[in-house]
$ cat data.txt   # compact mmCIF, C-alpha atoms
# COMPACT_ATOMS: atom_id res chain seq x y z
CA MET A 1 -127.53 -94.61 -146.20
CA ALA A 2 -129.30 -93.08 -143.18
CA LEU A 3 -132.38 -92.41 -145.30
CA SER A 4 -132.47 -96.03 -146.42
CA ARG A 5 -132.15 -97.22 -142.78
CA ARG A 6 -135.01 -94.90 -141.74
CA SER A 7 -137.15 -96.13 -144.64
CA GLY A 8 -136.49 -99.75 -143.62
CA ARG A 9 -137.48 -98.98 -140.03
CA SER A 10 -140.72 -97.34 -141.23
CA ARG A 11 -141.65 -100.40 -143.24
CA PHE A 12 -140.84 -102.62 -140.25
CA THR A 13 -143.12 -100.51 -137.99
CA LEU A 14 -145.94 -100.65 -140.54
CA ILE A 15 -145.62 -104.42 -140.98
CA LEU A 16 -145.63 -104.89 -137.21
CA LEU A 17 -148.79 -102.79 -136.81
CA VAL A 18 -150.57 -104.51 -139.70
CA LEU A 19 -149.70 -107.95 -138.29
CA THR A 20 -150.93 -106.88 -134.85
CA SER A 21 -154.22 -105.67 -136.38
CA ILE A 22 -154.64 -108.93 -138.31
CA THR A 23 -153.96 -110.95 -135.15
CA VAL A 24 -156.63 -109.00 -133.24
CA LEU A 25 -159.07 -109.40 -136.15
CA THR A 26 -158.42 -113.14 -136.24
CA LEU A 27 -158.98 -113.47 -132.49
CA ASP A 28 -162.25 -111.52 -132.82
CA PHE A 29 -163.46 -113.73 -135.69
CA ARG A 30 -162.67 -116.80 -133.62
CA GLY A 31 -164.88 -115.41 -130.85
CA SER A 32 -162.04 -115.09 -128.38
CA SER A 33 -163.33 -114.33 -124.90
CA ALA A 34 -160.28 -112.13 -124.29
CA VAL A 35 -161.30 -109.84 -127.16
CA GLN A 36 -164.91 -109.64 -125.97
CA GLY A 37 -163.64 -109.02 -122.43
CA LEU A 38 -161.50 -106.17 -123.73
CA ARG A 39 -164.50 -104.58 -125.44
CA ASP A 40 -166.74 -105.05 -122.41
CA GLY A 41 -164.02 -103.59 -120.18
CA ALA A 42 -163.65 -100.53 -122.40
CA ALA A 43 -167.43 -100.08 -122.51
CA THR A 44 -167.58 -100.25 -118.71
CA VAL A 45 -164.71 -97.79 -118.23
CA PHE A 46 -166.07 -95.32 -120.79
CA SER A 47 -169.70 -95.70 -119.74
CA PRO A 48 -169.67 -93.03 -116.96
CA LEU A 49 -167.63 -90.64 -119.09
CA ARG A 50 -169.94 -91.04 -122.05
CA GLY A 51 -172.99 -90.81 -119.78
CA ALA A 52 -171.80 -87.44 -118.41
CA ALA A 53 -170.85 -86.18 -121.89
CA ASP A 54 -174.21 -87.32 -123.29
CA LYS A 55 -176.05 -85.24 -120.69
CA VAL A 56 -174.11 -82.19 -121.87
CA PHE A 57 -174.25 -82.86 -125.60
CA HIS A 58 -177.77 -84.32 -125.97
CA PRO A 59 -179.42 -80.85 -125.91
CA VAL A 60 -176.88 -79.73 -128.52
CA GLY A 61 -177.93 -82.68 -130.65
CA ASN A 62 -181.60 -81.78 -130.22
CA VAL A 63 -180.96 -78.23 -131.41
CA TRP A 64 -178.91 -79.56 -134.35
CA SER A 65 -181.63 -82.02 -135.28
CA GLY A 66 -184.26 -79.26 -134.99
CA ILE A 67 -182.28 -77.07 -137.40
CA TRP A 68 -181.84 -79.82 -139.99
CA HIS A 69 -185.35 -81.21 -139.72
CA TYR A 70 -187.36 -78.05 -138.92
CA GLY A 71 -189.67 -78.43 -141.92
CA ASP A 72 -190.22 -82.14 -141.30
CA VAL A 73 -190.86 -81.63 -137.58
CA LYS A 74 -193.44 -78.89 -138.22
CA LYS A 75 -195.25 -80.99 -140.83
CA GLU A 76 -195.12 -84.06 -138.60
CA ASN A 77 -196.47 -82.03 -135.69
CA ASP A 78 -199.50 -80.93 -137.73
CA GLU A 79 -200.12 -84.49 -138.90
CA LEU A 80 -199.81 -85.84 -135.37
CA ARG A 81 -202.33 -83.32 -134.04
CA ALA A 82 -204.87 -84.46 -136.65
CA GLU A 83 -204.09 -88.10 -135.88
CA LEU A 84 -204.45 -87.48 -132.14
CA ASP A 85 -207.98 -86.15 -132.60
CA GLN A 86 -208.94 -89.29 -134.54
CA LEU A 87 -207.30 -91.60 -132.04
CA ARG A 88 -209.07 -89.95 -129.09
CA ALA A 89 -212.35 -90.85 -130.69
CA GLN A 90 -211.24 -94.44 -131.24
CA ALA A 91 -209.74 -94.84 -127.78
CA ALA A 92 -213.00 -95.39 -125.96
CA SER A 93 -214.13 -98.25 -128.20
CA ASN A 94 -210.61 -99.73 -128.27
CA ALA A 95 -210.43 -99.84 -124.48
CA ASP A 96 -213.52 -102.00 -124.39
CA ALA A 97 -212.16 -104.27 -127.16
CA ALA A 98 -208.80 -104.59 -125.39
CA LYS A 99 -210.51 -105.64 -122.18
CA GLN A 100 -212.46 -108.30 -124.02
CA LEU A 101 -209.29 -109.49 -125.80
CA GLN A 102 -207.40 -109.74 -122.50
CA GLU A 103 -210.20 -111.83 -120.99
CA LEU A 104 -210.18 -114.13 -124.02
CA GLN A 105 -206.39 -114.48 -123.91
CA GLN A 106 -206.54 -115.38 -120.25
CA LEU A 107 -209.23 -117.94 -120.96
CA ALA A 108 -207.21 -119.45 -123.83
CA GLN A 109 -203.92 -119.08 -121.89
CA LEU A 110 -202.32 -117.14 -124.76
CA ASP A 111 -199.26 -114.92 -124.37
CA SER A 112 -199.69 -111.17 -124.45
CA LEU A 113 -197.07 -108.42 -124.39
CA THR A 114 -198.74 -106.81 -121.39
CA GLN A 115 -197.71 -109.75 -119.24
CA TYR A 116 -194.00 -108.92 -119.58
CA GLN A 117 -192.23 -106.46 -117.37
CA GLN A 118 -190.83 -103.51 -119.31
CA VAL A 119 -188.06 -101.00 -118.68
CA THR A 120 -188.30 -97.55 -120.23
CA ALA A 121 -184.93 -96.19 -121.33
CA ARG A 122 -183.71 -93.05 -123.07
CA VAL A 123 -181.71 -93.36 -126.28
CA ALA A 124 -178.48 -91.77 -125.09
CA SER A 125 -176.82 -91.73 -128.47
CA GLY A 126 -177.44 -92.84 -132.02
CA PRO A 127 -175.00 -94.85 -134.08
CA ILE A 128 -171.40 -94.00 -133.15
CA GLY A 129 -169.90 -94.42 -136.59
CA ASN A 130 -171.10 -94.31 -140.18
CA PHE A 131 -171.08 -98.09 -140.52
CA GLU A 132 -172.96 -98.81 -137.27
CA ASN A 133 -176.66 -99.47 -137.05
CA THR A 134 -177.04 -99.43 -133.30
CA VAL A 135 -178.28 -97.08 -130.60
CA GLN A 136 -177.12 -96.81 -127.01
CA LEU A 137 -179.57 -96.73 -124.09
CA ASP A 138 -178.99 -95.02 -120.76
CA LYS A 139 -179.90 -98.15 -118.76
CA GLY A 140 -178.17 -101.51 -118.40
CA THR A 141 -177.91 -104.53 -116.14
CA ASN A 142 -178.72 -102.36 -113.09
CA ALA A 143 -182.23 -101.98 -114.54
CA GLY A 144 -182.51 -105.71 -115.34
CA ILE A 145 -181.57 -105.46 -119.02
CA GLN A 146 -179.72 -108.42 -120.55
CA VAL A 147 -178.27 -109.28 -123.94
CA GLY A 148 -180.99 -110.63 -126.24
CA MET A 149 -183.94 -108.66 -124.85
CA PRO A 150 -186.30 -107.08 -127.41
CA VAL A 151 -186.59 -103.30 -127.63
CA LEU A 152 -189.66 -101.45 -128.91
CA THR A 153 -191.39 -98.09 -129.00
CA GLY A 154 -195.09 -97.38 -128.64
CA THR A 155 -195.42 -97.88 -132.40
CA GLY A 156 -193.35 -100.98 -133.07
CA LEU A 157 -190.26 -103.14 -132.86
CA VAL A 158 -186.85 -101.45 -132.73
CA GLY A 159 -184.33 -104.26 -132.30
CA ARG A 160 -182.59 -106.29 -129.62
CA VAL A 161 -179.91 -105.72 -127.02
CA VAL A 162 -176.48 -106.94 -128.21
CA GLN A 163 -174.18 -105.52 -125.53
CA VAL A 164 -174.82 -104.41 -121.99
CA THR A 165 -172.91 -102.84 -119.10
CA SER A 166 -174.17 -101.82 -115.68
CA GLY A 167 -175.45 -98.48 -116.91
CA ASN A 168 -175.80 -98.78 -120.68
CA ALA A 169 -177.08 -101.12 -123.36
CA VAL A 170 -176.36 -101.25 -127.08
CA VAL A 171 -179.30 -102.16 -129.33
CA LYS A 172 -178.87 -103.53 -132.84
CA LEU A 173 -181.72 -102.18 -134.98
CA ILE A 174 -183.96 -104.42 -137.09
CA SER A 175 -182.82 -102.43 -140.15
CA ASP A 176 -179.25 -103.69 -139.78
CA VAL A 177 -178.13 -105.86 -142.70
CA ASP A 178 -177.26 -108.67 -140.28
CA ALA A 179 -180.63 -108.54 -138.50
CA ALA A 180 -183.28 -111.17 -139.24
CA THR A 181 -186.78 -110.88 -137.79
CA GLY A 182 -189.33 -113.70 -137.86
CA VAL A 183 -192.56 -112.11 -139.11
CA ARG A 184 -196.19 -112.94 -139.78
CA PHE A 185 -198.30 -111.21 -142.46
CA THR A 186 -201.66 -110.69 -140.79
CA THR A 187 -204.03 -111.02 -143.78
CA SER A 188 -202.67 -114.34 -145.03
CA GLY A 189 -201.11 -115.57 -141.80
CA THR A 190 -197.98 -116.49 -143.80
CA LYS A 191 -194.81 -116.59 -141.73
CA GLY A 192 -191.36 -115.62 -142.99
CA VAL A 193 -188.14 -113.84 -142.18
CA ALA A 194 -187.58 -110.12 -142.79
CA HIS A 195 -184.01 -108.93 -143.28
CA GLY A 196 -182.67 -105.45 -142.68
CA THR A 197 -181.21 -103.61 -145.65
CA GLY A 198 -179.30 -100.84 -143.89
CA ALA A 199 -179.89 -97.71 -141.85
CA GLY A 200 -182.99 -95.78 -142.88
CA ASN A 201 -184.08 -98.47 -145.36
CA PRO A 202 -187.12 -100.78 -145.17
CA LEU A 203 -186.98 -104.51 -144.33
CA MET A 204 -187.24 -107.17 -147.04
CA SER A 205 -188.74 -110.64 -147.09
CA ASP A 206 -188.09 -112.39 -150.38
CA SER A 207 -187.91 -116.12 -149.86
CA ASP A 208 -190.86 -117.18 -147.71
CA VAL A 209 -194.06 -115.83 -149.28
CA PRO A 210 -195.18 -117.90 -152.30
CA VAL A 211 -196.49 -116.13 -155.39
CA GLY A 212 -200.28 -115.94 -155.15
CA THR A 213 -200.34 -115.24 -151.42
CA ASN A 214 -202.67 -112.39 -150.51
CA VAL A 215 -200.31 -109.69 -149.16
CA PRO A 216 -202.05 -106.33 -149.62
CA ILE A 217 -200.21 -103.00 -149.44
CA GLY A 218 -200.61 -101.67 -145.91
CA ASP A 219 -200.94 -105.17 -144.43
CA PRO A 220 -199.74 -105.05 -140.81
CA VAL A 221 -196.70 -107.24 -140.13
CA LEU A 222 -196.16 -108.73 -136.66
CA THR A 223 -193.43 -110.87 -135.13
CA SER A 224 -194.13 -114.56 -135.67
CA GLY A 225 -192.89 -115.71 -132.26
CA LEU A 226 -192.09 -119.20 -133.51
CA VAL A 227 -190.19 -121.48 -131.12
CA GLY A 228 -186.58 -120.28 -130.93
CA SER A 229 -187.49 -116.85 -132.30
CA VAL A 230 -185.54 -113.93 -130.85
CA TYR A 231 -188.74 -111.91 -130.39
CA PRO A 232 -192.02 -112.70 -128.63
CA PRO A 233 -195.14 -113.07 -130.82
CA ASP A 234 -197.40 -110.26 -132.03
CA VAL A 235 -195.07 -107.30 -131.68
CA VAL A 236 -195.83 -104.80 -134.47
CA VAL A 237 -192.93 -104.75 -136.95
CA GLY A 238 -194.39 -102.52 -139.66
CA THR A 239 -196.62 -102.50 -142.72
CA VAL A 240 -196.21 -103.85 -146.24
CA SER A 241 -195.22 -101.03 -148.59
CA LYS A 242 -194.38 -102.91 -151.80
CA VAL A 243 -194.94 -106.38 -153.25
CA ALA A 244 -193.17 -107.70 -156.34
CA PRO A 245 -192.10 -111.09 -157.69
CA ALA A 246 -188.80 -112.21 -156.17
CA GLY A 247 -185.79 -113.17 -158.29
CA ASP A 248 -186.62 -116.89 -158.00
CA GLN A 249 -190.16 -116.30 -159.52
CA ILE A 250 -191.53 -118.67 -156.87
CA ASN A 251 -191.84 -116.24 -154.00
CA LEU A 252 -192.85 -112.65 -153.52
CA SER A 253 -190.41 -109.93 -152.57
CA VAL A 254 -192.19 -108.02 -149.82
CA THR A 255 -190.95 -104.64 -148.63
CA ILE A 256 -191.87 -103.79 -145.04
CA GLU A 257 -191.77 -100.22 -143.72
CA PRO A 258 -190.89 -100.37 -140.01
CA ALA A 259 -193.62 -98.95 -137.77
CA ALA A 260 -191.08 -97.35 -135.41
CA ASP A 261 -189.10 -94.40 -136.76
CA LEU A 262 -185.65 -95.97 -136.38
CA THR A 263 -183.84 -92.82 -137.45
CA ARG A 264 -185.24 -90.63 -134.70
CA LEU A 265 -185.57 -92.63 -131.51
CA SER A 266 -185.77 -90.84 -128.17
CA TYR A 267 -187.37 -93.21 -125.65
CA VAL A 268 -187.80 -96.98 -125.97
CA ARG A 269 -189.09 -99.88 -123.89
CA VAL A 270 -187.01 -102.99 -123.19
CA LEU A 271 -189.10 -106.11 -122.70
CA ILE A 272 -187.83 -108.22 -119.83
CA TRP A 273 -188.09 -111.31 -122.00
CA LEU A 274 -185.48 -113.68 -123.33
CA PRO A 275 -185.85 -116.17 -126.18
CA SER A 276 -186.40 -119.75 -125.16
CA ASN A 277 -184.03 -122.37 -126.53
CA PRO A 278 -185.45 -124.21 -129.56
CA MET B 279 -144.09 -89.52 -118.33
CA MET B 280 -146.00 -86.24 -118.59
CA ASN B 281 -146.13 -86.61 -122.36
CA ALA B 282 -147.63 -90.10 -122.09
CA LEU B 283 -150.21 -88.90 -119.58
CA ARG B 284 -151.12 -85.95 -121.79
CA ALA B 285 -151.45 -88.23 -124.83
CA ALA B 286 -153.64 -90.70 -122.87
CA LEU B 287 -155.94 -87.90 -121.68
CA ALA B 288 -156.16 -86.52 -125.21
CA LEU B 289 -157.05 -89.99 -126.54
CA ILE B 290 -159.83 -90.43 -123.97
CA THR B 291 -161.19 -86.94 -124.74
CA LEU B 292 -161.09 -87.68 -128.48
CA LEU B 293 -162.99 -90.96 -128.09
CA VAL B 294 -165.60 -89.45 -125.76
CA LEU B 295 -166.16 -86.52 -128.17
CA GLN B 296 -166.42 -88.86 -131.16
CA THR B 297 -168.92 -91.19 -129.48
CA THR B 298 -171.09 -88.49 -127.91
CA LEU B 299 -170.94 -85.02 -129.48
CA ILE B 300 -170.15 -86.13 -133.03
CA ALA B 301 -172.72 -88.94 -132.83
CA GLU B 302 -175.32 -86.24 -132.06
CA LEU B 303 -174.41 -84.05 -135.04
CA PRO B 304 -175.03 -85.96 -138.26
CA ILE B 305 -174.77 -84.02 -141.53
CA PHE B 306 -177.17 -85.49 -144.10
CA GLY B 307 -177.12 -88.64 -141.96
CA VAL B 308 -173.30 -88.85 -141.92
CA ARG B 309 -171.14 -88.41 -138.83
CA ALA B 310 -167.77 -86.68 -138.94
CA ASP B 311 -164.72 -88.78 -138.05
CA LEU B 312 -162.41 -87.00 -135.62
CA VAL B 313 -160.47 -90.22 -135.02
CA LEU B 314 -159.51 -90.40 -138.68
CA LEU B 315 -158.70 -86.69 -138.58
CA VAL B 316 -156.19 -87.26 -135.77
CA ALA B 317 -154.59 -90.16 -137.68
CA ILE B 318 -154.16 -87.86 -140.68
CA ALA B 319 -152.81 -84.99 -138.56
CA GLY B 320 -150.37 -87.45 -136.96
CA GLY B 321 -149.09 -88.49 -140.40
CA ILE B 322 -148.69 -84.87 -141.54
CA ILE B 323 -146.79 -83.75 -138.42
CA HIS B 324 -144.77 -86.82 -137.54
CA GLY B 325 -144.28 -88.56 -140.88
CA ARG B 326 -145.16 -92.10 -141.89
CA ASP B 327 -143.53 -93.97 -138.99
CA ARG B 328 -145.15 -92.22 -136.06
CA GLY B 329 -148.19 -91.43 -138.21
CA ALA B 330 -148.85 -95.17 -138.54
CA VAL B 331 -148.42 -95.65 -134.78
CA ILE B 332 -150.79 -92.77 -133.96
CA GLY B 333 -153.33 -94.09 -136.48
CA PHE B 334 -153.11 -97.56 -134.95
CA ILE B 335 -153.56 -96.33 -131.37
CA VAL B 336 -156.53 -94.04 -132.03
CA GLY B 337 -158.07 -96.62 -134.36
CA PHE B 338 -157.75 -99.38 -131.77
CA GLY B 339 -159.32 -97.13 -129.13
CA TYR B 340 -162.25 -96.50 -131.50
CA ASP B 341 -162.46 -100.24 -132.23
CA LEU B 342 -162.99 -100.92 -128.53
CA LEU B 343 -166.03 -98.63 -128.36
CA VAL B 344 -167.92 -99.71 -131.46
CA SER B 345 -169.72 -103.00 -131.29
CA GLN B 346 -170.63 -103.92 -134.84
CA THR B 347 -167.38 -103.96 -136.77
CA PRO B 348 -164.61 -106.49 -136.07
CA LEU B 349 -162.06 -105.45 -133.46
CA GLY B 350 -158.90 -104.29 -135.24
CA LEU B 351 -160.54 -103.01 -138.43
CA TYR B 352 -160.28 -99.32 -137.51
CA ALA B 353 -156.74 -99.87 -136.16
CA LEU B 354 -155.66 -101.50 -139.43
CA THR B 355 -157.29 -98.87 -141.65
CA TYR B 356 -156.15 -95.81 -139.69
CA CYS B 357 -152.55 -97.03 -139.33
CA LEU B 358 -152.43 -97.45 -143.13
CA VAL B 359 -153.91 -93.96 -143.56
CA GLY B 360 -151.39 -92.45 -141.09
CA TYR B 361 -148.54 -94.17 -142.95
CA ALA B 362 -149.80 -93.10 -146.39
CA VAL B 363 -150.32 -89.48 -145.32
CA GLY B 364 -146.84 -89.40 -143.76
CA THR B 365 -145.32 -90.79 -146.95
CA VAL B 366 -147.06 -88.18 -149.13
CA GLN B 367 -146.17 -85.36 -146.69
CA GLN B 368 -142.48 -86.32 -146.81
CA THR B 369 -142.44 -85.93 -150.58
CA VAL B 370 -143.84 -82.39 -150.39
CA LEU B 371 -140.99 -79.90 -150.64
CA ARG B 372 -142.78 -76.61 -150.14
CA SER B 373 -145.23 -75.71 -147.40
CA SER B 374 -148.55 -74.04 -148.01
CA TRP B 375 -151.79 -73.90 -146.03
CA TRP B 376 -153.78 -75.71 -148.70
CA ILE B 377 -151.53 -78.80 -148.83
CA PRO B 378 -152.72 -80.27 -145.50
CA VAL B 379 -156.30 -79.28 -146.40
CA ALA B 380 -156.14 -81.17 -149.70
CA LEU B 381 -154.33 -84.04 -148.01
CA ALA B 382 -156.99 -84.26 -145.29
CA PHE B 383 -159.79 -84.34 -147.87
CA GLY B 384 -158.16 -87.04 -149.99
CA ALA B 385 -156.97 -89.16 -147.07
CA SER B 386 -160.37 -88.97 -145.34
CA ALA B 387 -162.33 -89.97 -148.42
CA GLY B 388 -159.76 -92.69 -149.15
CA GLY B 389 -159.73 -93.86 -145.52
CA VAL B 390 -163.53 -94.22 -145.40
CA THR B 391 -163.51 -96.16 -148.67
CA LEU B 392 -160.62 -98.36 -147.55
CA PHE B 393 -162.45 -99.12 -144.29
CA ALA B 394 -165.59 -100.18 -146.18
CA LEU B 395 -163.59 -102.30 -148.64
CA LEU B 396 -161.59 -104.05 -145.90
CA GLY B 397 -164.83 -104.63 -143.97
CA THR B 398 -166.42 -106.18 -147.04
CA VAL B 399 -163.39 -108.42 -147.59
CA LEU B 400 -163.77 -109.52 -143.97
CA GLY B 401 -167.41 -110.48 -144.56
CA GLN B 402 -169.19 -107.39 -143.23
CA ASP B 403 -172.31 -107.01 -145.38
CA GLY B 404 -173.73 -103.68 -146.44
CA MET B 405 -170.61 -101.52 -146.05
CA VAL B 406 -170.14 -100.87 -149.74
CA ASN B 407 -173.48 -99.39 -150.78
CA ASP B 408 -174.95 -96.23 -152.28
CA ARG B 409 -174.25 -94.31 -149.03
CA LEU B 410 -170.49 -94.88 -149.23
CA GLY B 411 -169.82 -92.02 -151.68
CA ARG B 412 -171.80 -89.59 -149.54
CA ILE B 413 -170.01 -90.72 -146.36
CA ALA B 414 -166.58 -90.35 -148.01
CA LEU B 415 -167.45 -86.90 -149.39
CA ILE B 416 -168.88 -85.47 -146.16
CA VAL B 417 -166.14 -86.91 -143.92
CA GLY B 418 -163.59 -85.55 -146.41
CA VAL B 419 -165.07 -82.05 -146.43
CA VAL B 420 -165.46 -81.86 -142.63
CA ASN B 421 -161.92 -83.12 -142.02
CA ALA B 422 -160.53 -80.67 -144.61
CA LEU B 423 -162.22 -77.86 -142.70
CA LEU B 424 -160.93 -79.07 -139.33
CA ILE B 425 -157.38 -80.09 -140.28
CA LEU B 426 -155.64 -76.79 -139.48
CA PRO B 427 -156.86 -76.56 -135.85
CA ALA B 428 -156.36 -80.35 -135.55
CA LEU B 429 -152.69 -79.98 -136.55
CA ARG B 430 -152.17 -77.43 -133.77
CA LEU B 431 -153.85 -79.70 -131.20
CA VAL B 432 -151.96 -82.83 -132.24
CA ARG B 433 -148.67 -80.92 -132.32
CA ALA B 434 -149.34 -79.61 -128.80
CA THR B 435 -150.32 -83.07 -127.52
CA VAL B 436 -147.60 -85.13 -129.22
CA PRO B 437 -144.73 -82.72 -129.95
CA PRO B 438 -142.59 -83.59 -132.98
CA GLU B 439 -139.04 -84.84 -132.48
CA ARG B 440 -136.49 -82.01 -132.79
CA HIS B 441 -135.10 -82.83 -136.19
CA ALA B 442 -138.58 -83.45 -137.53
CA ALA B 443 -139.92 -80.19 -136.06
CA ARG B 444 -137.62 -78.23 -138.31
CA LEU B 445 -139.09 -79.96 -141.36
CA SER B 446 -142.75 -79.76 -140.38
CA LEU B 447 -145.20 -77.01 -141.32

$ encode --input "data.txt" --output "structure tokens"
Amino acid sequence: MALSRRSGRSRFTLILLVLTSITVLTLDFRGSSAVQGLRDGAATVFSPLRGAADKVFHPVGNVWSGIWHYGDVKKENDELRAELDQLRAQAASNADAAKQLQELQQLAQLDSLTQYQQVTARVASGPIGNFENTVQLDKGTNAGIQVGMPVLTGTGLVGRVVQVTSGNAVVKLISDVDAATGVRFTTSGTKGVAHGTGAGNPLMSDSDVPVGTNVPIGDPVLTSGLVGSVYPPDVVVGTVSKVAPAGDQINLSVTIEPAADLTRLSYVRVLIWLPSNP
Amino acid sequence: MMNALRAALALITLLVLQTTLIAELPIFGVRADLVLLVAIAGGIIHGRDRGAVIGFIVGFGYDLLVSQTPLGLYALTYCLVGYAVGTVQQTVLRSSWWIPVALAFGASAGGVTLFALLGTVLGQDGMVNDRLGRIALIVGVVNALLILPALRLVRATVPPERHAARLSL
């Protein structure tokens, strides 16, 4: 009798908790401001604690990463040294070309990334969970960062800010399955949308490039910057790594390897730029 | 009062560790899940009733700190895991060190899979993919290795009720 009463109480507790969870989920799906406020509040409260813990644990993470990726890091270091020598030789001629380009852009009144203010931030932590594709930065609204601002490294686009507190910002990476990036293929000038396919995977564009379009392997891919786009124009996204007919046989399925190494980010730049309304 | 304060401090410490230290230590690209481990330990020590409550509380705390998954998804999954583990534990008549280890492995792998399935049902793309098996396996192995110290910590933080203490491991 007592066992049956206890069993009934257990089921009642479980049902209550499940219903509470479903209510919270429903409120979140409806975009309730209370739910978002709760999350923002928790982020603000935990921000200093996590900031302090990050300072302690970040070196631990570096050592851990060094152990797991020792071979890769050594190989990459050798490759980078060779690349650096080549780039030093190119730098002088590029500086002259860049100056000429800037003058032309000013004459034609074209936008350039150099005109935007930028904030350099450290990646305080990678994705929190196994189903997250975000990174957290050690700077927030105090440094002028707002939700929607693009984030990039010296090599290419990283993503955009999706949550911000006074001292931290969360960036959703372009490789996230929900992320869509307006892109332009430089050889053909064709514009399209590249979707993320998950952490560590390349981007895909499979419904905007008609069969027959000249999209060579290695073709640089830039942001399109169309009106209403969430990124400014001409930010390097990556390079084309594979081209195949798409399922519809009308378009090409183009695989784009991101230029920025999204799995090992340490420092990034946040562009003080917000999308204009379409 | 002291118990509640101790539990709150333990929860904050757990969440800070999960979102900082554990986030820095991926194993083959997979992060361990201490929050799930605590939900499982709660079910083993306290049974299905309190196990579900502990799973819900730690899951909801985790929900608040992640930004990409819907709020309430971790709470729902981990309360079901806490309840299921508590139910299985109550059917076990003899005690042995390997029972919680096996339970932690199975419940962790099952919990990760359940989370991905519920997320997919709720419209979250990309959760059920070729990485899911690897995530479930690694989280299962790590939690199996950590369950014995975790049981001690959870028991010290949330002591079992007297009649239950006599039955627990």

$ interface_residues --input "data.txt" --of "chain B" --to "chain A" --cutoff "6 Å" --atoms "all atoms listed in the file" --output "list in words"
Val294, Thr297, Thr298, Leu299, Ala301, Glu302, Leu303, Asp327, Leu342, Leu349, Gly350 and Leu354 of chain B

$ residues_around --input "data.txt" --residues "Trp376 of chain B" --least-positions-apart "4" --cutoff "12 Å" --atoms "all atoms listed in the file" --output "tab-separated table (two decimals) with C-alpha atoms, keeping the file's coordinate frame"
chain	number	residue	atom	x	y	z
B	372	ARG	CA	-142.78	-76.61	-150.14
B	380	ALA	CA	-156.14	-81.17	-149.70
B	381	LEU	CA	-154.33	-84.04	-148.01
B	382	ALA	CA	-156.99	-84.26	-145.29
B	383	PHE	CA	-159.79	-84.34	-147.87
B	422	ALA	CA	-160.53	-80.67	-144.61
B	423	LEU	CA	-162.22	-77.86	-142.70
B	425	ILE	CA	-157.38	-80.09	-140.28
B	426	LEU	CA	-155.64	-76.79	-139.48
B	447	LEU	CA	-145.20	-77.01	-141.32

$ closest_residue --input "data.txt" --among "B:Gly325, B:Pro378, B:Gly320, B:Gly337" --to "Leu351 of chain B" --atoms "all atoms listed in the file"
B:Gly337

$ closest_residue --input "data.txt" --among "A:Leu271, A:Leu262, A:Val119, A:Leu222" --to "Thr187 of chain A" --atoms "only C-alpha atoms"
A:Leu222

$ residues_near_point --input "data.txt" --point "(-167.7, -106.4, -145.7)" --cutoff "12 Å" --atoms "only C-alpha atoms" --output "list in words"
Phe131, Val177 and Asp178 of chain A; Gln346, Thr347, Pro348, Leu351, Thr391, Leu392, Phe393, Ala394, Leu395, Leu396, Gly397, Thr398, Val399, Leu400, Gly401, Gln402, Asp403, Gly404, Met405, Val406 and Asn407 of chain B

$ atom_distance --input "data.txt" --atom1 "atom CA of Val135 of chain A" --atom2 "atom CA of Leu265 of chain A"
8.6 Å

$ closest_residue --input "data.txt" --among "B:Val359, B:Leu283, B:Leu295, B:Ala319" --to "Pro427 of chain B" --atoms "all atoms listed in the file"
B:Ala319

$ atom_distance --input "data.txt" --atom1 "atom CA of Val211 of chain A" --atom2 "atom CA of Tyr231 of chain A"
26.5 Å

$ closest_residue --input "data.txt" --among "B:Met280, B:Ile335, B:Val308, B:Val390" --to "Ala414 of chain B" --atoms "all atoms listed in the file"
B:Val390

$ residues_near_point --input "data.txt" --point "(-157.0, -97.7, -137.3)" --cutoff "8 Å" --atoms "all atoms listed in the file" --output "list in words"
Leu314, Ala317, Gly333, Phe334, Ile335, Val336, Gly337, Phe338, Tyr340, Asp341, Gly350, Leu351, Tyr352, Ala353, Leu354, Thr355, Tyr356, Cys357, Leu358 and Val359 of chain B

$ closest_residue --input "data.txt" --among "B:Leu429, B:Ala434, B:Ser345, B:Ala330" --to "Ala169 of chain A" --atoms "only C-alpha atoms"
B:Ser345

$ decode --input "data.txt" --residues "segment 116-120 of chain A" --atoms "N, CA, C and O atoms" --output "CSV table (one decimal), in the first residue's frame"
chain,number,residue,atom,x,y,z
A,116,TYR,N,35.5,50.6,-41.2
A,116,TYR,CA,34.8,50.2,-40.0
A,116,TYR,C,35.7,50.1,-38.8
A,116,TYR,O,36.8,49.5,-38.9
A,117,GLN,N,35.2,50.6,-37.6
A,117,GLN,CA,35.9,50.4,-36.4
A,117,GLN,C,35.9,48.9,-36.0
A,117,GLN,O,34.9,48.2,-36.3
A,118,GLN,N,36.9,48.4,-35.4
A,118,GLN,CA,37.0,47.0,-35.1
A,118,GLN,C,37.4,46.9,-33.6
A,118,GLN,O,38.2,47.7,-33.1
A,119,VAL,N,36.9,45.8,-33.0
A,119,VAL,CA,37.3,45.5,-31.6
A,119,VAL,C,38.0,44.1,-31.6
A,119,VAL,O,37.4,43.2,-32.1
A,120,THR,N,39.2,44.1,-31.1
A,120,THR,CA,39.8,42.8,-31.0
A,120,THR,C,39.4,42.1,-29.7
A,120,THR,O,39.5,42.8,-28.6
